[in-house]
Amino acid sequence: MILDQFKLDGKVAIVTGSARGLGQAMAVGLAEAGADIALVDILDMAEPKKQIEKLGRKCTAISADLSKKECVDEIVSTTIRQLGGIDILFNNAGIIRRASFTEFTEKDWDDVIGINLRSVFFLSQAVVKVMIEQGRGGKIINTASLLSFQGGILVPSYTASKSGVMGLTRLMACELAKHKININAIAPGYMATENTRALREDQERNKAILSRIPAGRWGKPEDLKGIAVFLASAASDYMNGYTVAVDGGWLAR
C-alpha cells in the first residue's frame, strides 16, 4: 500500500535547529511518522523532546554550537550510541542577519555562512560516512529558502548561504546516489517564525509580502511536516538533488 511507503518506523533522524520553529515542527512530524529523533540545537529542547516522547518515540537532545566544527563528531557518536544508527539527517539550523550591502560586516557574513552552509557540509560529510558503512542508504534533507532562487534585499550572507545550500544539495546527489543516499532540500516560503519577526512587525513589508502570496497568509511550521516526511521516506526514493519550494505560491506569482 502506498501509505506504507511514507512510514519511518525503525528509522533514526538527526534534526538540527530543532528547539523551535520549523525544526521543531519537522522533528515532531518525523516522529509522528515513526522515527526516533536526535534533536540538535544550542537552545533548550525540552518542549520538542516531550512531544516526541509522548508519541512513544525515542528522543535524545544534543546541545551543540554548529558554528564550531568540533561538535560534529559528538553529534554523530551520541546519536549512534543513544539511538543505534543514522538513517536521516535534516540540516535545518540557520540564522539570518540584516543590513544594507554597503554596511554589512565581516562578522555577520562569517556567522551566517558558518551556520547555514559550512555546518551543513561538515555534518553531512560525517553522517554520509556512517550511512555508507551501515550499507542501507539514507536520506539527507537540507533547509534552503526562497532566496535560493531569488536575490532578496538586506540579507547578502543569507542569500549566498541558501544559494549554496541548493548547489550543495545537487552536488551531494550526484556523488552519493550510488550509495542509495538521497539528498533533497526544502525551500520554505515566508513562514511565521522568529527569523521573520522583524518583517511581520513592519506593517509596510508585511502588507507587501502578503499581497504577493496567493495563499494569502504566512506559512506555519506545521505546513512543512508533509514534505519533510515525504523526503525522509521510501516514497521519495527516486527523487534526488531537488529543492522543493513550499511557499503558498510565492514563486508562481
# chains A, B, ... in the order shown; residues from 1 in each chain; ligands from 1
$ residues_around --residues "Arg98 of chain A" --least-positions-apart "4" --cutoff "8 Å" --atoms "only C-alpha atoms" --output "PyMOL selection string"
chain A and resi 104+154-155
$ write_last_selection --atoms "N, CA and C atoms" --output "PDB file, in the first residue's frame"
ATOM      1  N   PHE A 104      27.216  45.911   5.577  1.00  0.00           N
ATOM      2  CA  PHE A 104      27.246  44.544   6.104  1.00  0.00           C
ATOM      3  C   PHE A 104      28.647  44.211   6.615  1.00  0.00           C
ATOM      4  N   LEU A 154      18.939  43.198   1.701  1.00  0.00           N
ATOM      5  CA  LEU A 154      19.446  43.401   3.067  1.00  0.00           C
ATOM      6  C   LEU A 154      19.943  42.136   3.754  1.00  0.00           C
ATOM      7  N   VAL A 155      20.050  41.024   3.010  1.00  0.00           N
ATOM      8  CA  VAL A 155      20.495  39.767   3.631  1.00  0.00           C
ATOM      9  C   VAL A 155      21.541  39.070   2.751  1.00  0.00           C
TER      10      VAL A 155
END
$ select_by_dssp --residues "segment 27-213 of chain A" --states "strand (DSSP E)" --output "list of chain:residue names"
A:Asp36, A:Ile37, A:Ala38, A:Leu39, A:Val40, A:Asp41, A:Cys59, A:Thr60, A:Ala61, A:Ile62, A:Ser63, A:Ile88, A:Leu89, A:Phe90, A:Asn91, A:Gly138, A:Lys139, A:Ile140, A:Ile141, A:Asn142, A:Thr143, A:Ile181, A:Asn182, A:Ile183, A:Asn184, A:Ala185, A:Ile186, A:Ala187, A:Pro188
$ write_last_selection --atoms "N, CA and C atoms" --output "PDB file, in the first residue's frame"
ATOM      1  N   ASP A  36      12.689   7.682  15.394  1.00  0.00           N
ATOM      2  CA  ASP A  36      13.305   8.153  16.623  1.00  0.00           C
ATOM      3  C   ASP A  36      14.168   9.354  16.262  1.00  0.00           C
ATOM      4  N   ILE A  37      14.296  10.306  17.190  1.00  0.00           N
ATOM      5  CA  ILE A  37      14.852  11.608  16.836  1.00  0.00           C
ATOM      6  C   ILE A  37      16.008  12.017  17.742  1.00  0.00           C
ATOM      7  N   ALA A  38      17.089  12.494  17.101  1.00  0.00           N
ATOM      8  CA  ALA A  38      18.162  13.188  17.816  1.00  0.00           C
ATOM      9  C   ALA A  38      17.994  14.673  17.526  1.00  0.00           C
ATOM     10  N   LEU A  39      17.569  15.419  18.532  1.00  0.00           N
ATOM     11  CA  LEU A  39      17.421  16.862  18.412  1.00  0.00           C
ATOM     12  C   LEU A  39      18.788  17.514  18.591  1.00  0.00           C
ATOM     13  N   VAL A  40      19.086  18.523  17.787  1.00  0.00           N
ATOM     14  CA  VAL A  40      20.355  19.245  17.907  1.00  0.00           C
ATOM     15  C   VAL A  40      20.074  20.741  17.887  1.00  0.00           C
ATOM     16  N   ASP A  41      20.538  21.440  18.929  1.00  0.00           N
ATOM     17  CA  ASP A  41      20.343  22.887  18.981  1.00  0.00           C
ATOM     18  C   ASP A  41      21.225  23.455  20.083  1.00  0.00           C
ATOM     19  N   CYS A  59      13.984   9.703  21.962  1.00  0.00           N
ATOM     20  CA  CYS A  59      14.479  11.032  21.613  1.00  0.00           C
ATOM     21  C   CYS A  59      15.661  11.385  22.501  1.00  0.00           C
ATOM     22  N   THR A  60      16.721  11.897  21.884  1.00  0.00           N
ATOM     23  CA  THR A  60      17.850  12.408  22.638  1.00  0.00           C
ATOM     24  C   THR A  60      18.093  13.841  22.209  1.00  0.00           C
ATOM     25  N   ALA A  61      18.415  14.709  23.160  1.00  0.00           N
ATOM     26  CA  ALA A  61      18.672  16.123  22.879  1.00  0.00           C
ATOM     27  C   ALA A  61      20.168  16.375  22.997  1.00  0.00           C
ATOM     28  N   ILE A  62      20.763  16.867  21.925  1.00  0.00           N
ATOM     29  CA  ILE A  62      22.204  17.099  21.882  1.00  0.00           C
ATOM     30  C   ILE A  62      22.455  18.600  21.775  1.00  0.00           C
ATOM     31  N   SER A  63      23.022  19.172  22.809  1.00  0.00           N
ATOM     32  CA  SER A  63      23.345  20.591  22.803  1.00  0.00           C
ATOM     33  C   SER A  63      24.638  20.801  22.028  1.00  0.00           C
ATOM     34  N   ILE A  88      18.515   9.276   8.677  1.00  0.00           N
ATOM     35  CA  ILE A  88      18.028  10.549   8.123  1.00  0.00           C
ATOM     36  C   ILE A  88      18.801  11.687   8.784  1.00  0.00           C
ATOM     37  N   LEU A  89      19.256  12.626   7.989  1.00  0.00           N
ATOM     38  CA  LEU A  89      19.843  13.857   8.516  1.00  0.00           C
ATOM     39  C   LEU A  89      19.060  15.030   7.958  1.00  0.00           C
ATOM     40  N   PHE A  90      18.592  15.875   8.845  1.00  0.00           N
ATOM     41  CA  PHE A  90      17.858  17.076   8.436  1.00  0.00           C
ATOM     42  C   PHE A  90      18.679  18.292   8.843  1.00  0.00           C
ATOM     43  N   ASN A  91      19.374  18.889   7.871  1.00  0.00           N
ATOM     44  CA  ASN A  91      20.175  20.089   8.110  1.00  0.00           C
ATOM     45  C   ASN A  91      19.270  21.313   8.074  1.00  0.00           C
ATOM     46  N   GLY A 138      20.282   6.078   2.847  1.00  0.00           N
ATOM     47  CA  GLY A 138      19.852   7.097   3.790  1.00  0.00           C
ATOM     48  C   GLY A 138      19.233   8.284   3.081  1.00  0.00           C
ATOM     49  N   LYS A 139      18.776   9.217   3.878  1.00  0.00           N
ATOM     50  CA  LYS A 139      18.134  10.430   3.362  1.00  0.00           C
ATOM     51  C   LYS A 139      18.757  11.643   4.044  1.00  0.00           C
ATOM     52  N   ILE A 140      19.136  12.644   3.245  1.00  0.00           N
ATOM     53  CA  ILE A 140      19.591  13.912   3.782  1.00  0.00           C
ATOM     54  C   ILE A 140      18.694  15.003   3.208  1.00  0.00           C
ATOM     55  N   ILE A 141      18.175  15.833   4.093  1.00  0.00           N
ATOM     56  CA  ILE A 141      17.285  16.920   3.698  1.00  0.00           C
ATOM     57  C   ILE A 141      17.896  18.225   4.205  1.00  0.00           C
ATOM     58  N   ASN A 142      18.050  19.181   3.334  1.00  0.00           N
ATOM     59  CA  ASN A 142      18.593  20.482   3.692  1.00  0.00           C
ATOM     60  C   ASN A 142      17.499  21.539   3.654  1.00  0.00           C
ATOM     61  N   THR A 143      17.553  22.486   4.565  1.00  0.00           N
ATOM     62  CA  THR A 143      16.617  23.603   4.513  1.00  0.00           C
ATOM     63  C   THR A 143      17.229  24.711   3.672  1.00  0.00           C
ATOM     64  N   ILE A 181      21.868   6.991  -1.227  1.00  0.00           N
ATOM     65  CA  ILE A 181      21.620   8.124  -0.333  1.00  0.00           C
ATOM     66  C   ILE A 181      20.973   9.222  -1.166  1.00  0.00           C
ATOM     67  N   ASN A 182      19.774   9.623  -0.761  1.00  0.00           N
ATOM     68  CA  ASN A 182      19.046  10.687  -1.454  1.00  0.00           C
ATOM     69  C   ASN A 182      19.258  12.006  -0.721  1.00  0.00           C
ATOM     70  N   ILE A 183      19.562  13.051  -1.478  1.00  0.00           N
ATOM     71  CA  ILE A 183      19.732  14.378  -0.898  1.00  0.00           C
ATOM     72  C   ILE A 183      18.806  15.346  -1.613  1.00  0.00           C
ATOM     73  N   ASN A 184      17.909  15.951  -0.879  1.00  0.00           N
ATOM     74  CA  ASN A 184      16.999  16.955  -1.415  1.00  0.00           C
ATOM     75  C   ASN A 184      16.897  18.111  -0.424  1.00  0.00           C
ATOM     76  N   ALA A 185      16.235  19.159  -0.831  1.00  0.00           N
ATOM     77  CA  ALA A 185      16.105  20.330   0.038  1.00  0.00           C
ATOM     78  C   ALA A 185      14.678  20.863   0.014  1.00  0.00           C
ATOM     79  N   ILE A 186      14.321  21.523   1.082  1.00  0.00           N
ATOM     80  CA  ILE A 186      13.037  22.216   1.190  1.00  0.00           C
ATOM     81  C   ILE A 186      13.323  23.709   1.220  1.00  0.00           C
ATOM     82  N   ALA A 187      12.627  24.474   0.391  1.00  0.00           N
ATOM     83  CA  ALA A 187      12.731  25.930   0.405  1.00  0.00           C
ATOM     84  C   ALA A 187      11.437  26.493   0.975  1.00  0.00           C
ATOM     85  N   PRO A 188      11.406  26.774   2.272  1.00  0.00           N
ATOM     86  CA  PRO A 188      10.186  27.333   2.858  1.00  0.00           C
ATOM     87  C   PRO A 188       9.916  28.732   2.312  1.00  0.00           C
TER      88      PRO A 188
END
$ residues_around --residues "Phe101 of chain A" --least-positions-apart "5" --cutoff "12 Å" --atoms "only C-alpha atoms" --output "PyMOL selection string"
chain A and resi 106+108-109+152-159
$ select_by_dssp --residues "segment 30-217 of chain A" --states "alpha helix (DSSP H)" --output "PyMOL selection string"
chain A and resi 30-32+46-54+71-83+106-113+119-134+156-176+197-201+203-212
$ write_last_selection --atoms "C-alpha atoms" --output "PDB file, in the first residue's frame"
ATOM      1  CA  LEU A  30       9.180  12.711  11.507  1.00  0.00           C
ATOM      2  CA  ALA A  31       8.410  11.224  14.917  1.00  0.00           C
ATOM      3  CA  GLU A  32       4.693  11.109  14.072  1.00  0.00           C
ATOM      4  CA  ALA A  46      12.700  20.249  26.398  1.00  0.00           C
ATOM      5  CA  GLU A  47       9.440  21.016  24.558  1.00  0.00           C
ATOM      6  CA  PRO A  48      10.051  19.050  21.332  1.00  0.00           C
ATOM      7  CA  LYS A  49      11.621  16.227  23.348  1.00  0.00           C
ATOM      8  CA  LYS A  50       8.454  15.999  25.446  1.00  0.00           C
ATOM      9  CA  GLN A  51       6.247  15.992  22.341  1.00  0.00           C
ATOM     10  CA  ILE A  52       8.293  13.270  20.654  1.00  0.00           C
ATOM     11  CA  GLU A  53       8.468  11.009  23.695  1.00  0.00           C
ATOM     12  CA  LYS A  54       4.710  11.435  24.172  1.00  0.00           C
ATOM     13  CA  CYS A  71      30.654  19.441  17.614  1.00  0.00           C
ATOM     14  CA  VAL A  72      30.149  17.222  14.540  1.00  0.00           C
ATOM     15  CA  ASP A  73      31.782  14.087  15.934  1.00  0.00           C
ATOM     16  CA  GLU A  74      29.845  14.432  19.193  1.00  0.00           C
ATOM     17  CA  ILE A  75      26.518  14.739  17.364  1.00  0.00           C
ATOM     18  CA  VAL A  76      27.209  11.641  15.279  1.00  0.00           C
ATOM     19  CA  SER A  77      28.638   9.485  18.076  1.00  0.00           C
ATOM     20  CA  THR A  78      25.891  10.430  20.548  1.00  0.00           C
ATOM     21  CA  THR A  79      23.153   9.630  18.039  1.00  0.00           C
ATOM     22  CA  ILE A  80      24.647   6.227  17.276  1.00  0.00           C
ATOM     23  CA  ARG A  81      25.222   5.449  20.944  1.00  0.00           C
ATOM     24  CA  GLN A  82      21.757   6.559  22.091  1.00  0.00           C
ATOM     25  CA  LEU A  83      19.615   5.539  19.109  1.00  0.00           C
ATOM     26  CA  GLU A 106      32.580  40.635   8.148  1.00  0.00           C
ATOM     27  CA  LYS A 107      31.234  39.052  11.336  1.00  0.00           C
ATOM     28  CA  ASP A 108      27.673  38.950  10.038  1.00  0.00           C
ATOM     29  CA  TRP A 109      28.952  37.394   6.818  1.00  0.00           C
ATOM     30  CA  ASP A 110      31.065  34.741   8.554  1.00  0.00           C
ATOM     31  CA  ASP A 111      28.478  33.882  11.234  1.00  0.00           C
ATOM     32  CA  VAL A 112      25.703  33.201   8.718  1.00  0.00           C
ATOM     33  CA  ILE A 113      27.866  31.306   6.226  1.00  0.00           C
ATOM     34  CA  SER A 119      27.995  23.229   9.101  1.00  0.00           C
ATOM     35  CA  VAL A 120      25.722  21.604   6.506  1.00  0.00           C
ATOM     36  CA  PHE A 121      28.753  20.366   4.598  1.00  0.00           C
ATOM     37  CA  PHE A 122      30.744  19.011   7.530  1.00  0.00           C
ATOM     38  CA  LEU A 123      27.833  17.385   9.373  1.00  0.00           C
ATOM     39  CA  SER A 124      26.637  15.809   6.128  1.00  0.00           C
ATOM     40  CA  GLN A 125      30.144  14.558   5.406  1.00  0.00           C
ATOM     41  CA  ALA A 126      30.361  12.828   8.791  1.00  0.00           C
ATOM     42  CA  VAL A 127      26.868  11.343   8.542  1.00  0.00           C
ATOM     43  CA  VAL A 128      27.419  10.107   4.977  1.00  0.00           C
ATOM     44  CA  LYS A 129      30.453   8.124   6.137  1.00  0.00           C
ATOM     45  CA  VAL A 130      28.214   6.401   8.704  1.00  0.00           C
ATOM     46  CA  MET A 131      25.476   5.753   6.144  1.00  0.00           C
ATOM     47  CA  ILE A 132      27.946   4.202   3.706  1.00  0.00           C
ATOM     48  CA  GLU A 133      29.361   1.988   6.442  1.00  0.00           C
ATOM     49  CA  GLN A 134      25.873   0.914   7.526  1.00  0.00           C
ATOM     50  CA  PRO A 156      23.611  39.156   1.491  1.00  0.00           C
ATOM     51  CA  SER A 157      25.124  36.347   3.575  1.00  0.00           C
ATOM     52  CA  TYR A 158      21.760  34.610   3.944  1.00  0.00           C
ATOM     53  CA  THR A 159      21.123  34.710   0.187  1.00  0.00           C
ATOM     54  CA  ALA A 160      24.642  33.477  -0.515  1.00  0.00           C
ATOM     55  CA  SER A 161      24.355  30.659   2.021  1.00  0.00           C
ATOM     56  CA  LYS A 162      20.957  29.450   0.833  1.00  0.00           C
ATOM     57  CA  SER A 163      22.020  29.588  -2.818  1.00  0.00           C
ATOM     58  CA  GLY A 164      24.980  27.493  -1.703  1.00  0.00           C
ATOM     59  CA  VAL A 165      22.693  25.014   0.040  1.00  0.00           C
ATOM     60  CA  MET A 166      20.797  24.407  -3.203  1.00  0.00           C
ATOM     61  CA  GLY A 167      24.042  23.910  -5.108  1.00  0.00           C
ATOM     62  CA  LEU A 168      25.486  21.622  -2.455  1.00  0.00           C
ATOM     63  CA  THR A 169      22.280  19.579  -2.490  1.00  0.00           C
ATOM     64  CA  ARG A 170      22.800  18.935  -6.200  1.00  0.00           C
ATOM     65  CA  LEU A 171      26.482  18.090  -5.801  1.00  0.00           C
ATOM     66  CA  MET A 172      25.777  15.633  -2.995  1.00  0.00           C
ATOM     67  CA  ALA A 173      23.036  13.953  -5.014  1.00  0.00           C
ATOM     68  CA  CYS A 174      25.390  13.439  -7.947  1.00  0.00           C
ATOM     69  CA  GLU A 175      28.132  11.915  -5.799  1.00  0.00           C
ATOM     70  CA  LEU A 176      26.104   9.892  -3.325  1.00  0.00           C
ATOM     71  CA  ARG A 197       9.504  38.592  13.245  1.00  0.00           C
ATOM     72  CA  ALA A 198      11.052  41.869  12.040  1.00  0.00           C
ATOM     73  CA  LEU A 199       9.309  41.551   8.670  1.00  0.00           C
ATOM     74  CA  ARG A 200       5.948  40.697  10.179  1.00  0.00           C
ATOM     75  CA  GLU A 201       6.159  43.625  12.602  1.00  0.00           C
ATOM     76  CA  GLN A 203       3.470  46.966   8.541  1.00  0.00           C
ATOM     77  CA  GLU A 204       4.617  48.069   5.092  1.00  0.00           C
ATOM     78  CA  ARG A 205       6.798  44.993   4.432  1.00  0.00           C
ATOM     79  CA  ASN A 206       4.199  42.637   5.916  1.00  0.00           C
ATOM     80  CA  LYS A 207       1.492  44.033   3.622  1.00  0.00           C
ATOM     81  CA  ALA A 208       3.749  43.824   0.562  1.00  0.00           C
ATOM     82  CA  ILE A 209       4.693  40.217   1.286  1.00  0.00           C
ATOM     83  CA  LEU A 210       1.132  39.058   1.909  1.00  0.00           C
ATOM     84  CA  SER A 211      -0.071  40.761  -1.273  1.00  0.00           C
ATOM     85  CA  ARG A 212       2.194  38.507  -3.358  1.00  0.00           C
TER      86      ARG A 212
END
$ residues_around --residues "Lys225 of chain A" --least-positions-apart "3" --cutoff "8 Å" --atoms "only C-alpha atoms" --output "list in words"
Ala25, Met26, Gly29, Leu30, Pro221, Glu222, Ala228 and Val229 of chain A
$ write_last_selection --atoms "N, CA and C atoms" --output "mmCIF file, in the first residue's frame"
data_model
loop_
_atom_site.group_PDB
_atom_site.id
_atom_site.type_symbol
_atom_site.label_atom_id
_atom_site.label_comp_id
_atom_site.auth_asym_id
_atom_site.auth_seq_id
_atom_site.Cartn_x
_atom_site.Cartn_y
_atom_site.Cartn_z
ATOM 1 N N ALA A 25 8.829 21.630 14.377
ATOM 2 C CA ALA A 25 7.669 21.051 13.703
ATOM 3 C C ALA A 25 8.070 19.855 12.851
ATOM 4 N N MET A 26 9.184 19.968 12.121
ATOM 5 C CA MET A 26 9.586 18.875 11.246
ATOM 6 C C MET A 26 10.116 17.685 12.035
ATOM 7 N N GLY A 29 7.087 15.983 13.203
ATOM 8 C CA GLY A 29 6.462 15.314 12.060
ATOM 9 C C GLY A 29 7.132 13.991 11.732
ATOM 10 N N LEU A 30 8.457 13.962 11.760
ATOM 11 C CA LEU A 30 9.180 12.711 11.507
ATOM 12 C C LEU A 30 8.869 11.677 12.585
ATOM 13 N N PRO A 221 4.885 26.579 10.684
ATOM 14 C CA PRO A 221 5.846 25.472 10.728
ATOM 15 C C PRO A 221 5.217 24.130 10.378
ATOM 16 N N GLU A 222 3.979 23.918 10.789
ATOM 17 C CA GLU A 222 3.314 22.643 10.539
ATOM 18 C C GLU A 222 3.073 22.395 9.050
ATOM 19 N N ALA A 228 8.505 17.114 4.671
ATOM 20 C CA ALA A 228 9.620 16.548 5.435
ATOM 21 C C ALA A 228 9.510 15.028 5.507
ATOM 22 N N VAL A 229 8.335 14.528 5.803
ATOM 23 C CA VAL A 229 8.135 13.081 5.884
ATOM 24 C C VAL A 229 8.328 12.438 4.515
#
$ closest_residue --among "A:Arg253, A:Gly21, A:Ile42, A:Asp223" --to "Asp65 of chain A" --atoms "only C-alpha atoms"
A:Ile42
$ closest_residue --among "A:Lys11, A:Glu103, A:Ala33, A:Thr243" --to "Gly226 of chain A" --atoms "only C-alpha atoms"
A:Ala33
